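Everything below belongs to final.cif, which stores mmCIF, C-alpha atoms.
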```cif
data_model
#
loop_
_atom_site.label_atom_id
_atom_site.label_comp_id
_atom_site.auth_asym_id
_atom_site.auth_seq_id
_atom_site.Cartn_x
_atom_site.Cartn_y
_atom_site.Cartn_z
CA ILE B 1 232.34 70.17 18.85
CA PRO B 2 230.77 67.02 17.32
CA PHE B 3 230.43 63.94 19.51
CA PRO B 4 231.60 61.20 19.39
CA ALA B 5 234.98 62.39 18.13
CA GLY B 6 235.54 61.86 14.42
CA ASN B 7 231.95 62.60 13.35
CA GLY B 8 232.89 66.01 12.01
CA THR B 9 234.98 69.11 12.68
CA PRO B 10 234.34 71.81 15.33
CA LYS B 11 232.60 74.93 14.02
CA LEU B 12 231.90 78.39 15.36
CA ILE B 13 228.22 79.16 15.98
CA LEU B 14 226.29 82.36 16.85
CA LYS B 15 229.04 84.46 15.25
CA ASP B 16 227.33 87.81 15.86
CA LEU B 17 226.97 87.55 19.65
CA PRO B 18 227.67 90.87 21.45
CA HIS B 19 231.04 90.96 23.17
CA TYR B 20 229.87 92.70 26.35
CA GLY B 21 229.46 90.96 29.68
CA GLY B 22 232.07 88.23 29.30
CA THR B 23 231.47 84.62 28.27
CA PRO B 24 227.69 84.03 27.98
CA GLU B 25 225.92 81.37 30.05
CA PHE B 26 223.54 79.00 28.24
CA SER B 27 221.52 75.79 28.51
CA TRP B 28 220.36 73.35 25.81
CA PHE B 29 216.73 72.78 24.87
CA PRO B 30 215.74 69.09 24.40
CA ASP B 31 215.94 69.38 20.58
CA SER B 32 219.76 69.78 20.74
CA ARG B 33 219.40 72.77 18.40
CA HIS B 34 218.13 75.70 20.44
CA ILE B 35 219.68 77.14 23.60
CA ALA B 36 218.58 79.58 26.29
CA ILE B 37 221.38 82.11 26.67
CA SER B 38 222.07 85.12 28.91
CA LEU B 39 223.40 88.12 26.95
CA GLN B 40 224.34 91.73 27.57
CA GLN B 41 223.45 93.49 24.33
CA HIS B 42 225.23 96.82 24.97
CA GLN B 43 227.68 98.32 27.46
CA GLY B 44 225.82 99.14 30.68
CA ASP B 45 222.72 97.12 29.74
CA ALA B 46 221.31 94.43 31.99
CA SER B 47 221.86 90.82 30.92
CA HIS B 48 218.67 89.21 29.60
CA LEU B 49 217.63 85.76 28.41
CA TRP B 50 217.29 84.87 24.73
CA ILE B 51 216.39 81.73 22.79
CA ALA B 52 219.05 81.17 20.13
CA ASP B 53 219.04 78.84 17.14
CA THR B 54 222.50 77.27 16.86
CA ILE B 55 221.96 76.50 13.16
CA THR B 56 220.53 79.75 11.75
CA GLY B 57 221.98 82.04 14.42
CA SER B 58 218.62 83.79 15.01
CA ARG B 59 217.73 85.02 18.51
CA THR B 60 214.40 85.68 20.21
CA PRO B 61 214.20 87.74 23.45
CA LEU B 62 212.83 85.86 26.44
CA THR B 63 213.07 88.49 29.23
CA THR B 64 213.31 92.29 29.53
CA GLY B 65 213.51 94.85 32.33
CA LEU B 66 216.09 96.41 34.65
CA SER B 67 217.20 93.20 36.40
CA ASP B 68 219.96 90.86 35.25
CA GLU B 69 218.90 87.29 34.39
CA LEU B 70 221.79 84.86 34.78
CA VAL B 71 222.65 81.17 35.35
CA VAL B 72 219.95 79.84 33.02
CA ALA B 73 218.77 76.19 33.10
CA VAL B 74 216.17 74.71 30.71
CA SER B 75 213.86 72.03 32.13
CA PRO B 76 213.96 68.48 30.66
CA SER B 77 210.64 69.11 28.90
CA GLY B 78 211.84 72.40 27.43
CA LYS B 79 208.70 74.14 28.69
CA GLN B 80 210.24 75.98 31.66
CA VAL B 81 213.43 77.89 32.39
CA LEU B 82 215.14 78.47 35.72
CA PHE B 83 217.45 81.46 36.15
CA GLY B 84 219.00 83.71 38.74
CA GLU B 85 217.77 87.31 38.98
CA LEU B 86 220.19 90.04 40.03
CA THR B 87 218.92 93.51 40.99
CA ALA B 88 220.87 96.59 42.03
CA ASP B 89 220.19 99.88 43.80
CA TYR B 90 222.67 102.60 42.83
CA LYS B 91 222.80 105.70 45.01
CA LEU B 92 224.63 109.00 45.10
CA VAL B 93 224.63 110.36 48.63
CA SER B 94 225.80 113.59 50.26
CA ALA B 95 227.43 113.50 53.70
CA SER B 96 227.51 116.63 55.88
CA LEU B 97 230.91 117.53 57.36
CA ALA B 98 229.10 119.43 60.14
CA ASP B 99 227.03 116.64 61.69
CA ALA B 100 227.88 113.52 59.57
CA SER B 101 224.27 113.26 58.36
CA VAL B 102 223.79 111.47 55.03
CA ARG B 103 221.24 112.47 52.39
CA THR B 104 220.38 110.45 49.28
CA LEU B 105 220.50 112.64 46.18
CA ILE B 106 219.94 110.02 43.48
CA SER B 107 218.62 106.46 43.71
CA SER B 108 218.27 104.27 40.62
CA GLN B 109 218.25 100.66 39.45
CA ARG B 110 220.31 101.83 36.49
CA PRO B 111 224.04 102.52 37.00
CA VAL B 112 224.99 105.99 38.25
CA GLY B 113 228.50 106.98 39.27
CA MET B 114 231.65 109.09 38.93
CA PRO B 115 230.12 112.27 40.48
CA LEU B 116 232.28 115.39 40.80
CA TRP B 117 231.41 118.82 42.19
CA ALA B 118 232.22 122.07 40.44
CA ARG B 119 234.76 123.95 42.59
CA LYS B 120 232.83 127.22 42.83
CA SER B 121 229.15 126.27 42.57
CA GLU B 122 226.69 123.82 44.17
CA LYS B 123 226.33 121.52 41.18
CA PHE B 124 227.90 118.25 40.08
CA ALA B 125 228.03 116.03 37.01
CA TYR B 126 227.79 112.23 36.91
CA GLN B 127 227.53 109.42 34.37
CA THR B 128 224.52 107.13 34.07
CA ASP B 129 222.42 105.11 31.64
CA ARG B 130 219.13 105.89 33.38
CA THR B 131 217.39 106.36 30.01
CA GLY B 132 218.82 103.17 28.53
CA GLU B 133 221.74 104.96 26.84
CA PRO B 134 225.06 106.13 28.36
CA GLU B 135 224.77 109.81 29.28
CA ILE B 136 226.29 112.49 31.53
CA TRP B 137 223.82 114.39 33.69
CA LEU B 138 223.99 117.63 35.68
CA HIS B 139 222.61 117.86 39.24
CA GLU B 140 221.92 121.45 40.36
CA GLY B 141 221.90 122.76 43.91
CA ASP B 142 218.09 123.05 43.87
CA GLY B 143 217.78 119.33 43.02
CA SER B 144 216.91 119.83 39.34
CA GLU B 145 218.63 117.63 36.76
CA ARG B 146 219.19 117.49 33.01
CA PRO B 147 221.36 115.55 30.54
CA LEU B 148 224.54 117.31 29.40
CA VAL B 149 226.14 114.76 27.08
CA THR B 150 224.33 112.06 25.08
CA PRO B 151 225.28 109.66 22.26
CA ALA B 152 223.27 111.87 19.87
CA MET B 153 226.09 114.45 20.07
CA PHE B 154 228.50 111.99 18.44
CA PRO B 155 228.25 109.88 15.25
CA ALA B 156 225.50 107.27 15.53
CA GLY B 157 226.55 103.92 16.96
CA THR B 158 230.04 105.06 18.04
CA THR B 159 229.58 105.66 21.79
CA ILE B 160 230.30 102.93 24.33
CA TRP B 161 230.56 104.89 27.58
CA TRP B 162 231.70 108.09 29.31
CA MET B 163 234.24 108.40 32.13
CA ASN B 164 235.41 110.99 34.67
CA PRO B 165 233.02 113.89 33.94
CA ALA B 166 234.46 117.07 35.48
CA LEU B 167 232.81 120.49 35.60
CA SER B 168 235.00 123.56 35.23
CA PRO B 169 235.50 125.60 38.43
CA ALA B 170 232.86 128.12 37.28
CA GLY B 171 230.48 125.28 36.37
CA ASP B 172 229.96 126.52 32.81
CA ARG B 173 231.84 123.75 30.92
CA LEU B 174 232.19 120.00 31.22
CA ALA B 175 235.22 117.87 30.33
CA TYR B 176 234.97 114.08 30.05
CA THR B 177 236.49 110.98 28.46
CA TRP B 178 234.63 109.50 25.49
CA LEU B 179 234.98 105.74 24.90
CA SER B 180 234.16 104.84 21.30
CA THR B 181 233.47 101.60 19.46
CA LYS B 182 236.69 102.19 17.49
CA GLY B 183 238.79 101.94 20.65
CA GLU B 184 239.26 105.69 21.06
CA ASN B 185 239.58 107.22 24.53
CA ASP B 186 239.50 110.99 23.96
CA ILE B 187 238.85 114.00 26.19
CA TRP B 188 236.09 116.31 25.02
CA ILE B 189 234.65 119.58 26.35
CA SER B 190 230.99 120.61 26.21
CA SER B 191 229.46 123.95 27.14
CA LEU B 192 226.53 123.84 29.55
CA ALA B 193 224.93 126.54 27.38
CA GLY B 194 224.77 124.12 24.44
CA GLY B 195 226.61 123.61 21.19
CA PRO B 196 228.70 120.75 19.77
CA PRO B 197 231.45 119.15 21.89
CA VAL B 198 235.10 120.00 21.14
CA ARG B 199 238.17 117.73 21.39
CA LEU B 200 240.66 118.88 24.00
CA THR B 201 243.66 117.79 21.89
CA THR B 202 244.46 116.36 18.46
CA THR B 203 246.60 113.43 19.64
CA SER B 204 245.88 109.77 18.89
CA GLU B 205 246.93 108.31 22.26
CA THR B 206 244.53 107.18 24.98
CA GLU B 207 243.42 110.07 27.24
CA LYS B 208 241.83 109.95 30.69
CA MET B 209 240.18 113.05 32.09
CA ALA B 210 241.46 114.32 35.42
CA SER B 211 241.33 117.88 36.76
CA TRP B 212 240.74 121.53 35.77
CA SER B 213 243.10 124.30 36.87
CA PRO B 214 241.46 126.71 39.37
CA ASP B 215 241.17 129.40 36.67
CA GLY B 216 239.61 126.96 34.17
CA GLY B 217 242.26 127.67 31.54
CA ARG B 218 244.08 124.32 31.63
CA ILE B 219 243.44 120.64 32.26
CA VAL B 220 245.84 118.07 33.67
CA TYR B 221 245.18 114.49 32.58
CA LEU B 222 246.69 111.06 31.92
CA ARG B 223 247.93 109.93 28.52
CA ALA B 224 248.72 106.32 27.67
CA SER B 225 251.18 106.03 24.77
CA LYS B 226 251.19 103.15 22.31
CA ASP B 227 254.30 101.71 24.03
CA GLY B 228 252.36 101.41 27.31
CA THR B 229 253.92 104.44 29.04
CA THR B 230 251.56 106.58 31.11
CA SER B 231 252.30 110.30 31.38
CA ILE B 232 250.83 113.37 33.07
CA MET B 233 249.86 115.91 30.45
CA LEU B 234 248.93 119.61 30.62
CA CYS B 235 246.73 121.24 28.00
CA LYS B 236 244.90 124.52 27.41
CA THR B 237 241.10 124.28 27.32
CA SER B 238 240.70 126.30 24.12
CA GLY B 239 240.10 123.07 22.14
CA GLN B 240 242.25 121.23 19.58
CA ALA B 241 245.32 122.30 21.60
CA THR B 242 248.81 120.78 21.81
CA PRO B 243 249.49 119.18 25.23
CA ILE B 244 252.74 119.37 27.22
CA GLU B 245 254.16 116.37 29.09
CA LEU B 246 254.77 117.11 32.78
CA ARG B 247 255.85 113.68 34.00
CA SER B 248 256.44 110.29 32.41
CA LYS B 249 256.14 106.73 33.70
CA VAL B 250 253.47 107.38 36.33
CA THR B 251 250.69 105.09 37.55
CA GLN B 252 247.06 105.02 36.39
CA TYR B 253 245.83 107.11 39.37
CA LEU B 254 244.35 110.35 38.06
CA PRO B 255 246.31 113.52 38.91
CA ASP B 256 244.52 116.31 40.79
CA TRP B 257 245.06 120.07 40.87
CA SER B 258 245.26 121.81 44.26
CA PRO B 259 242.54 124.44 44.88
CA THR B 260 245.11 127.29 44.78
CA GLY B 261 246.74 126.02 41.59
CA GLU B 262 250.20 125.67 43.16
CA TRP B 263 250.43 121.88 43.14
CA ILE B 264 249.42 118.84 41.13
CA SER B 265 249.20 115.51 42.96
CA PHE B 266 249.90 112.19 41.23
CA ALA B 267 251.13 108.66 41.96
CA GLU B 268 254.21 106.97 40.56
CA PRO B 269 255.48 103.39 40.85
CA ASP B 270 258.13 102.29 43.31
CA ARG B 271 261.42 103.17 41.66
CA LYS B 272 263.67 101.06 43.90
#
```

Do you think you could lay out the structure here as structure tokens?
Amino acid sequence: IPFPAGNGTPKLILKDLPHYGGTPEFSWFPDSRHIAISLQQHQGDASHLWIADTITGSRTPLTTGLSDELVVAVSPSGKQVLFGELTADYKLVSASLADASVRTLISSQRPVGMPLWARKSEKFAYQTDRTGEPEIWLHEGDGSERPLVTPAMFPAGTTIWWMNPALSPAGDRLAYTWLSTKGENDIWISSLAGGPPVRLTTTSETEKMASWSPDGGRIVYLRASKDGTTSIMLCKTSGQATPIELRSKVTQYLPDWSPTGEWISFAEPDRK
């Protein structure tokens, strides 16, 4: 916005800024042309400082690393920059039901989360960006780990994040929600033995992964229709299958299958 008023018209600058991390924080350099700005380049990345040219739109990185750099302030001389540094320590821990002891399984400065055990084996899957890219990893009972799902398995530049990874009861397949740059939220299945991932369904609505049946033959999940209605859906795990609606107008809480396969729990809004 030009100042004083009347000296020109407002114009949009830095048109190619990434849209992750909310509204960016910035501070002017003394030349009234360059700014120091805090940006999150990709989903899950830390926010780092850049020097941006408000006329050409070019950007030069100022900081790197695993910490977030925020609340930037350029000194009056333009030779120093103050900023706030935010660090994190993500942990996945196991608590014993016998003696309440707690054991740390995974500790990382990079985000890790959404762990879920396989029903019939001592292994679990979780999502992380420990390598700098969003991935789903497998943690075995002996403590060994390996990536199961990576962006390389999907078209380049299309993966934003993964959600709700769930191992099959036998621990031989993994179902998960894929969030794409095109706004897709689809459920996919990958074999732990390898091979390309397979879509659970062929629908175009938003899908959120939930729970395998005890025999591994079906999955119950949430579907959000274009009109905003959320439904509980049931689908075979053969791939590219046609789902069946079990219940409509439910809440966003993920349904869960009972261990014996006789019940499916879910939450619905107050219908008073």

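Coordinates place atom CA of B:Glu133 at a distance of 26.6 Å from atom CA of B:Arg103.
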
Point to revise | Output check: residues returned by the PyMOL selection byres ((chain B and resi 67) around 10), as a PyMOL selection string | key: chain B and resi 45-48+63-66+68-70+84-88+109-110

Output C-alpha atoms of each residue in that selection to a file, as a PDB file, keeping the file's coordinate frame.
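What follows is the written file part-v9.pdb:
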```pdb
ATOM      1  CA  ASP B  45     222.720  97.120  29.740  1.00  0.00           C
ATOM      2  CA  ALA B  46     221.310  94.430  31.990  1.00  0.00           C
ATOM      3  CA  SER B  47     221.860  90.820  30.920  1.00  0.00           C
ATOM      4  CA  HIS B  48     218.670  89.210  29.600  1.00  0.00           C
ATOM      5  CA  THR B  63     213.070  88.490  29.230  1.00  0.00           C
ATOM      6  CA  THR B  64     213.310  92.290  29.530  1.00  0.00           C
ATOM      7  CA  GLY B  65     213.510  94.850  32.330  1.00  0.00           C
ATOM      8  CA  LEU B  66     216.090  96.410  34.650  1.00  0.00           C
ATOM      9  CA  ASP B  68     219.960  90.860  35.250  1.00  0.00           C
ATOM     10  CA  GLU B  69     218.900  87.290  34.390  1.00  0.00           C
ATOM     11  CA  LEU B  70     221.790  84.860  34.780  1.00  0.00           C
ATOM     12  CA  GLY B  84     219.000  83.710  38.740  1.00  0.00           C
ATOM     13  CA  GLU B  85     217.770  87.310  38.980  1.00  0.00           C
ATOM     14  CA  LEU B  86     220.190  90.040  40.030  1.00  0.00           C
ATOM     15  CA  THR B  87     218.920  93.510  40.990  1.00  0.00           C
ATOM     16  CA  ALA B  88     220.870  96.590  42.030  1.00  0.00           C
ATOM     17  CA  GLN B 109     218.250 100.660  39.450  1.00  0.00           C
ATOM     18  CA  ARG B 110     220.310 101.830  36.490  1.00  0.00           C
TER      19      ARG B 110
END
```

Exercise for review: Just say which residues the PyMOL selection byres ((chain B and resi 136) around 10) picks in this file, as a VMD selection string.
Suggested key: chain B and resid 112 to 115 125 to 130 133 to 135 137 to 138 146 to 151 161 to 165 174 176

Exercise for review: Using only C-alpha atoms, determine which residues lie at most 12 Å from B:Gly217, disregarding the query and same-chain residues fewer than 2 positions distant; provide the list as a list of chain:residue names.
Suggested key: B:Ser168, B:Pro169, B:Ala170, B:Arg173, B:Leu200, B:Ser211, B:Trp212, B:Ser213, B:Pro214, B:Asp215, B:Ile219, B:Val220, B:Leu234, B:Cys235, B:Lys236, B:Thr237, B:Ser238, B:Gly239, B:Ala241, B:Gly261

Exercise for review: Quick one: everything within 9 Å of B:Tyr253, counting all atoms listed in the file, minus sequence neighbours fewer than 5 positions away in the same chain. Send it as a PyMOL selection string.
Suggested key: chain B and resi 222+266-268

Set the distance at 7 Å and use only C-alpha atoms: which residues neighbour B:Gly141 once local chain neighbours fewer than 2 positions away are removed? I'd like the list as a short mmCIF file (atom, residue, chain, number, x, y, z; two decimals) with C-alpha atoms, keeping the file's coordinate frame.
```
data_model
loop_
_atom_site.label_atom_id
_atom_site.label_comp_id
_atom_site.auth_asym_id
_atom_site.auth_seq_id
_atom_site.Cartn_x
_atom_site.Cartn_y
_atom_site.Cartn_z
CA GLU B 122 226.69 123.82 44.17
CA LYS B 123 226.33 121.52 41.18
CA HIS B 139 222.61 117.86 39.24
CA GLY B 143 217.78 119.33 43.02
#
```

Review point. Do you know which residues are at most 8 Å from B:Glu25 counting all atoms listed in the file, after dropping those on the same chain fewer than 5 positions away, and could you put them as a list in words?
Key: Ile37, Ser38, Leu39, Leu70, Val71 and Val72 of chain B

I need the chosen residues saved as an mmCIF file, keeping the file's coordinate frame, with C-alpha atoms.
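See out-v1.cif below for the written result:
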```
data_model
loop_
_atom_site.group_PDB
_atom_site.id
_atom_site.type_symbol
_atom_site.label_atom_id
_atom_site.label_comp_id
_atom_site.auth_asym_id
_atom_site.auth_seq_id
_atom_site.Cartn_x
_atom_site.Cartn_y
_atom_site.Cartn_z
ATOM 1 C CA ILE B 37 221.380 82.110 26.670
ATOM 2 C CA SER B 38 222.070 85.120 28.910
ATOM 3 C CA LEU B 39 223.400 88.120 26.950
ATOM 4 C CA LEU B 70 221.790 84.860 34.780
ATOM 5 C CA VAL B 71 222.650 81.170 35.350
ATOM 6 C CA VAL B 72 219.950 79.840 33.020
#
```

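The gap separating atom CA of B:Phe29 from atom CA of B:Ile51 is 9.2 Å, in Å to one decimal.
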
Exercise for review: Can you work out the spacing between atom CA of B:Ala73 and atom CA of B:Ile35 in Å, to one decimal?
Suggested key: 9.6 Å

Point to revise | Distance query B:Ala52 at most 10 Å, all atoms listed in the file, self and fewer than 4 positions along chain excluded, as a list in words | key: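 Surrounding residues, per the criterion: Leu14, Phe26, Trp28, Phe29, Arg33, His34, Ile35, Ala36, Ile37, Thr56, Gly57, Ser58, Arg59, Thr60 and Pro61 of chain B.
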
Practice item. Check the smallest atom-to-atom distance from each of B:Val81, B:Tyr20, B:Trp188, B:Pro243 to B:Thr203 using only C-alpha atoms, then report the winner. Key: B:Pro243

Review point. Residues around (238.8, 108.6, 27.3), cut-off 8 Å, counting only C-alpha atoms - what are they as a list of chain:residue names?
Key: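 Using only C-alpha atoms, the matching residues come out as B:Trp162, B:Met163, B:Tyr176, B:Thr177, B:Trp178, B:Leu179, B:Glu184, B:Asn185, B:Asp186, B:Ile187, B:Thr206, B:Glu207, B:Lys208, B:Met209.
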
Review point. Hey, what comes out of the PyMOL selection byres ((chain B and resi 13) around 10) on this file? Could you write it as a list in words?
Key: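 Selection result, ordered by chain and number: Pro10, Lys11, Leu12, Leu14, Lys15, Asp16, Leu17, Asp53, Thr54, Ile55, Thr56 and Gly57 of chain B.
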
Practice item. For each of B:Ser190, B:Phe124, B:Ile264, B:Thr202, take the minimum atom-to-atom distance to B:Tyr221, counting all atoms listed in the file, then give the residue where this is smallest. Key: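 Closest to B:Tyr221, using all atoms listed in the file: B:Ile264.
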
Point to revise | Closest of B:Arg247, B:Lys91, B:Arg218, B:His42 to B:Thr181 - atom-to-atom distances counting all atoms listed in the file | key: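 Checking each candidate against B:Thr181, we get B:His42 as the closest.
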
Exercise for review: Measuring atom to atom with only C-alpha atoms, identify which of B:Thr251, B:Thr9, B:Ser144, B:Ser265 is nearest to B:Leu105.
Suggested key: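 Closest to B:Leu105, using only C-alpha atoms: B:Ser144.
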
Check your understanding: Taking only C-alpha atoms into account, which of B:Thr23, B:Thr230, B:Ser94, B:Thr201 comes nearest B:Pro255?
Key ->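 Going through B:Thr23, B:Thr230, B:Ser94, B:Thr201 one by one, the smallest distance to B:Pro255 is for B:Thr230.
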
For stretch 21-43 of chain B, supply N, CA and C atoms and report the output as a PDB file, in the frame of the given file.
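Output file selection.pdb is given in full below:
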```pdb
ATOM      1  N   GLY B  21     229.917  91.831  28.598  1.00  0.00           N
ATOM      2  CA  GLY B  21     229.460  90.960  29.680  1.00  0.00           C
ATOM      3  C   GLY B  21     230.215  89.672  29.849  1.00  0.00           C
ATOM      4  N   GLY B  22     231.297  89.454  29.112  1.00  0.00           N
ATOM      5  CA  GLY B  22     232.070  88.230  29.300  1.00  0.00           C
ATOM      6  C   GLY B  22     231.458  87.036  28.583  1.00  0.00           C
ATOM      7  N   THR B  23     231.961  85.846  28.899  1.00  0.00           N
ATOM      8  CA  THR B  23     231.470  84.620  28.270  1.00  0.00           C
ATOM      9  C   THR B  23     230.013  84.371  28.641  1.00  0.00           C
ATOM     10  N   PRO B  24     229.121  84.205  27.658  1.00  0.00           N
ATOM     11  CA  PRO B  24     227.690  84.030  27.980  1.00  0.00           C
ATOM     12  C   PRO B  24     227.397  82.662  28.597  1.00  0.00           C
ATOM     13  N   GLU B  25     226.374  82.621  29.439  1.00  0.00           N
ATOM     14  CA  GLU B  25     225.920  81.370  30.050  1.00  0.00           C
ATOM     15  C   GLU B  25     224.716  80.855  29.264  1.00  0.00           C
ATOM     16  N   PHE B  26     224.634  79.534  29.064  1.00  0.00           N
ATOM     17  CA  PHE B  26     223.540  79.000  28.240  1.00  0.00           C
ATOM     18  C   PHE B  26     223.158  77.602  28.714  1.00  0.00           C
ATOM     19  N   SER B  27     222.016  77.121  28.203  1.00  0.00           N
ATOM     20  CA  SER B  27     221.520  75.790  28.510  1.00  0.00           C
ATOM     21  C   SER B  27     220.776  75.253  27.294  1.00  0.00           C
ATOM     22  N   TRP B  28     220.989  73.959  26.976  1.00  0.00           N
ATOM     23  CA  TRP B  28     220.360  73.350  25.810  1.00  0.00           C
ATOM     24  C   TRP B  28     218.862  73.111  26.017  1.00  0.00           C
ATOM     25  N   PHE B  29     218.093  73.284  24.930  1.00  0.00           N
ATOM     26  CA  PHE B  29     216.730  72.780  24.870  1.00  0.00           C
ATOM     27  C   PHE B  29     216.788  71.309  24.450  1.00  0.00           C
ATOM     28  N   PRO B  30     215.727  70.539  24.700  1.00  0.00           N
ATOM     29  CA  PRO B  30     215.740  69.090  24.400  1.00  0.00           C
ATOM     30  C   PRO B  30     215.999  68.757  22.926  1.00  0.00           C
ATOM     31  N   ASP B  31     215.767  69.697  21.999  1.00  0.00           N
ATOM     32  CA  ASP B  31     215.940  69.380  20.580  1.00  0.00           C
ATOM     33  C   ASP B  31     217.404  69.412  20.128  1.00  0.00           C
ATOM     34  N   SER B  32     218.323  69.722  21.057  1.00  0.00           N
ATOM     35  CA  SER B  32     219.760  69.780  20.740  1.00  0.00           C
ATOM     36  C   SER B  32     220.072  70.776  19.622  1.00  0.00           C
ATOM     37  N   ARG B  33     219.194  71.733  19.415  1.00  0.00           N
ATOM     38  CA  ARG B  33     219.400  72.770  18.400  1.00  0.00           C
ATOM     39  C   ARG B  33     219.317  74.161  19.001  1.00  0.00           C
ATOM     40  N   HIS B  34     218.326  74.388  19.834  1.00  0.00           N
ATOM     41  CA  HIS B  34     218.130  75.700  20.440  1.00  0.00           C
ATOM     42  C   HIS B  34     218.746  75.753  21.832  1.00  0.00           C
ATOM     43  N   ILE B  35     219.149  76.948  22.250  1.00  0.00           N
ATOM     44  CA  ILE B  35     219.680  77.140  23.600  1.00  0.00           C
ATOM     45  C   ILE B  35     219.033  78.379  24.215  1.00  0.00           C
ATOM     46  N   ALA B  36     218.934  78.372  25.541  1.00  0.00           N
ATOM     47  CA  ALA B  36     218.580  79.580  26.290  1.00  0.00           C
ATOM     48  C   ALA B  36     219.905  80.193  26.720  1.00  0.00           C
ATOM     49  N   ILE B  37     220.090  81.471  26.441  1.00  0.00           N
ATOM     50  CA  ILE B  37     221.380  82.110  26.670  1.00  0.00           C
ATOM     51  C   ILE B  37     221.196  83.471  27.323  1.00  0.00           C
ATOM     52  N   SER B  38     222.100  83.829  28.239  1.00  0.00           N
ATOM     53  CA  SER B  38     222.070  85.120  28.910  1.00  0.00           C
ATOM     54  C   SER B  38     223.061  86.050  28.211  1.00  0.00           C
ATOM     55  N   LEU B  39     222.558  87.199  27.722  1.00  0.00           N
ATOM     56  CA  LEU B  39     223.400  88.120  26.950  1.00  0.00           C
ATOM     57  C   LEU B  39     223.245  89.553  27.426  1.00  0.00           C
ATOM     58  N   GLN B  40     224.344  90.277  27.373  1.00  0.00           N
ATOM     59  CA  GLN B  40     224.340  91.730  27.570  1.00  0.00           C
ATOM     60  C   GLN B  40     224.503  92.361  26.200  1.00  0.00           C
ATOM     61  N   GLN B  41     223.455  93.003  25.704  1.00  0.00           N
ATOM     62  CA  GLN B  41     223.450  93.490  24.330  1.00  0.00           C
ATOM     63  C   GLN B  41     224.382  94.689  24.112  1.00  0.00           C
ATOM     64  N   HIS B  42     224.424  95.618  25.097  1.00  0.00           N
ATOM     65  CA  HIS B  42     225.230  96.820  24.970  1.00  0.00           C
ATOM     66  C   HIS B  42     225.900  97.126  26.301  1.00  0.00           C
ATOM     67  N   GLN B  43     226.975  97.910  26.252  1.00  0.00           N
ATOM     68  CA  GLN B  43     227.680  98.320  27.460  1.00  0.00           C
ATOM     69  C   GLN B  43     226.725  99.005  28.419  1.00  0.00           C
TER      70      GLN B  43
END
```
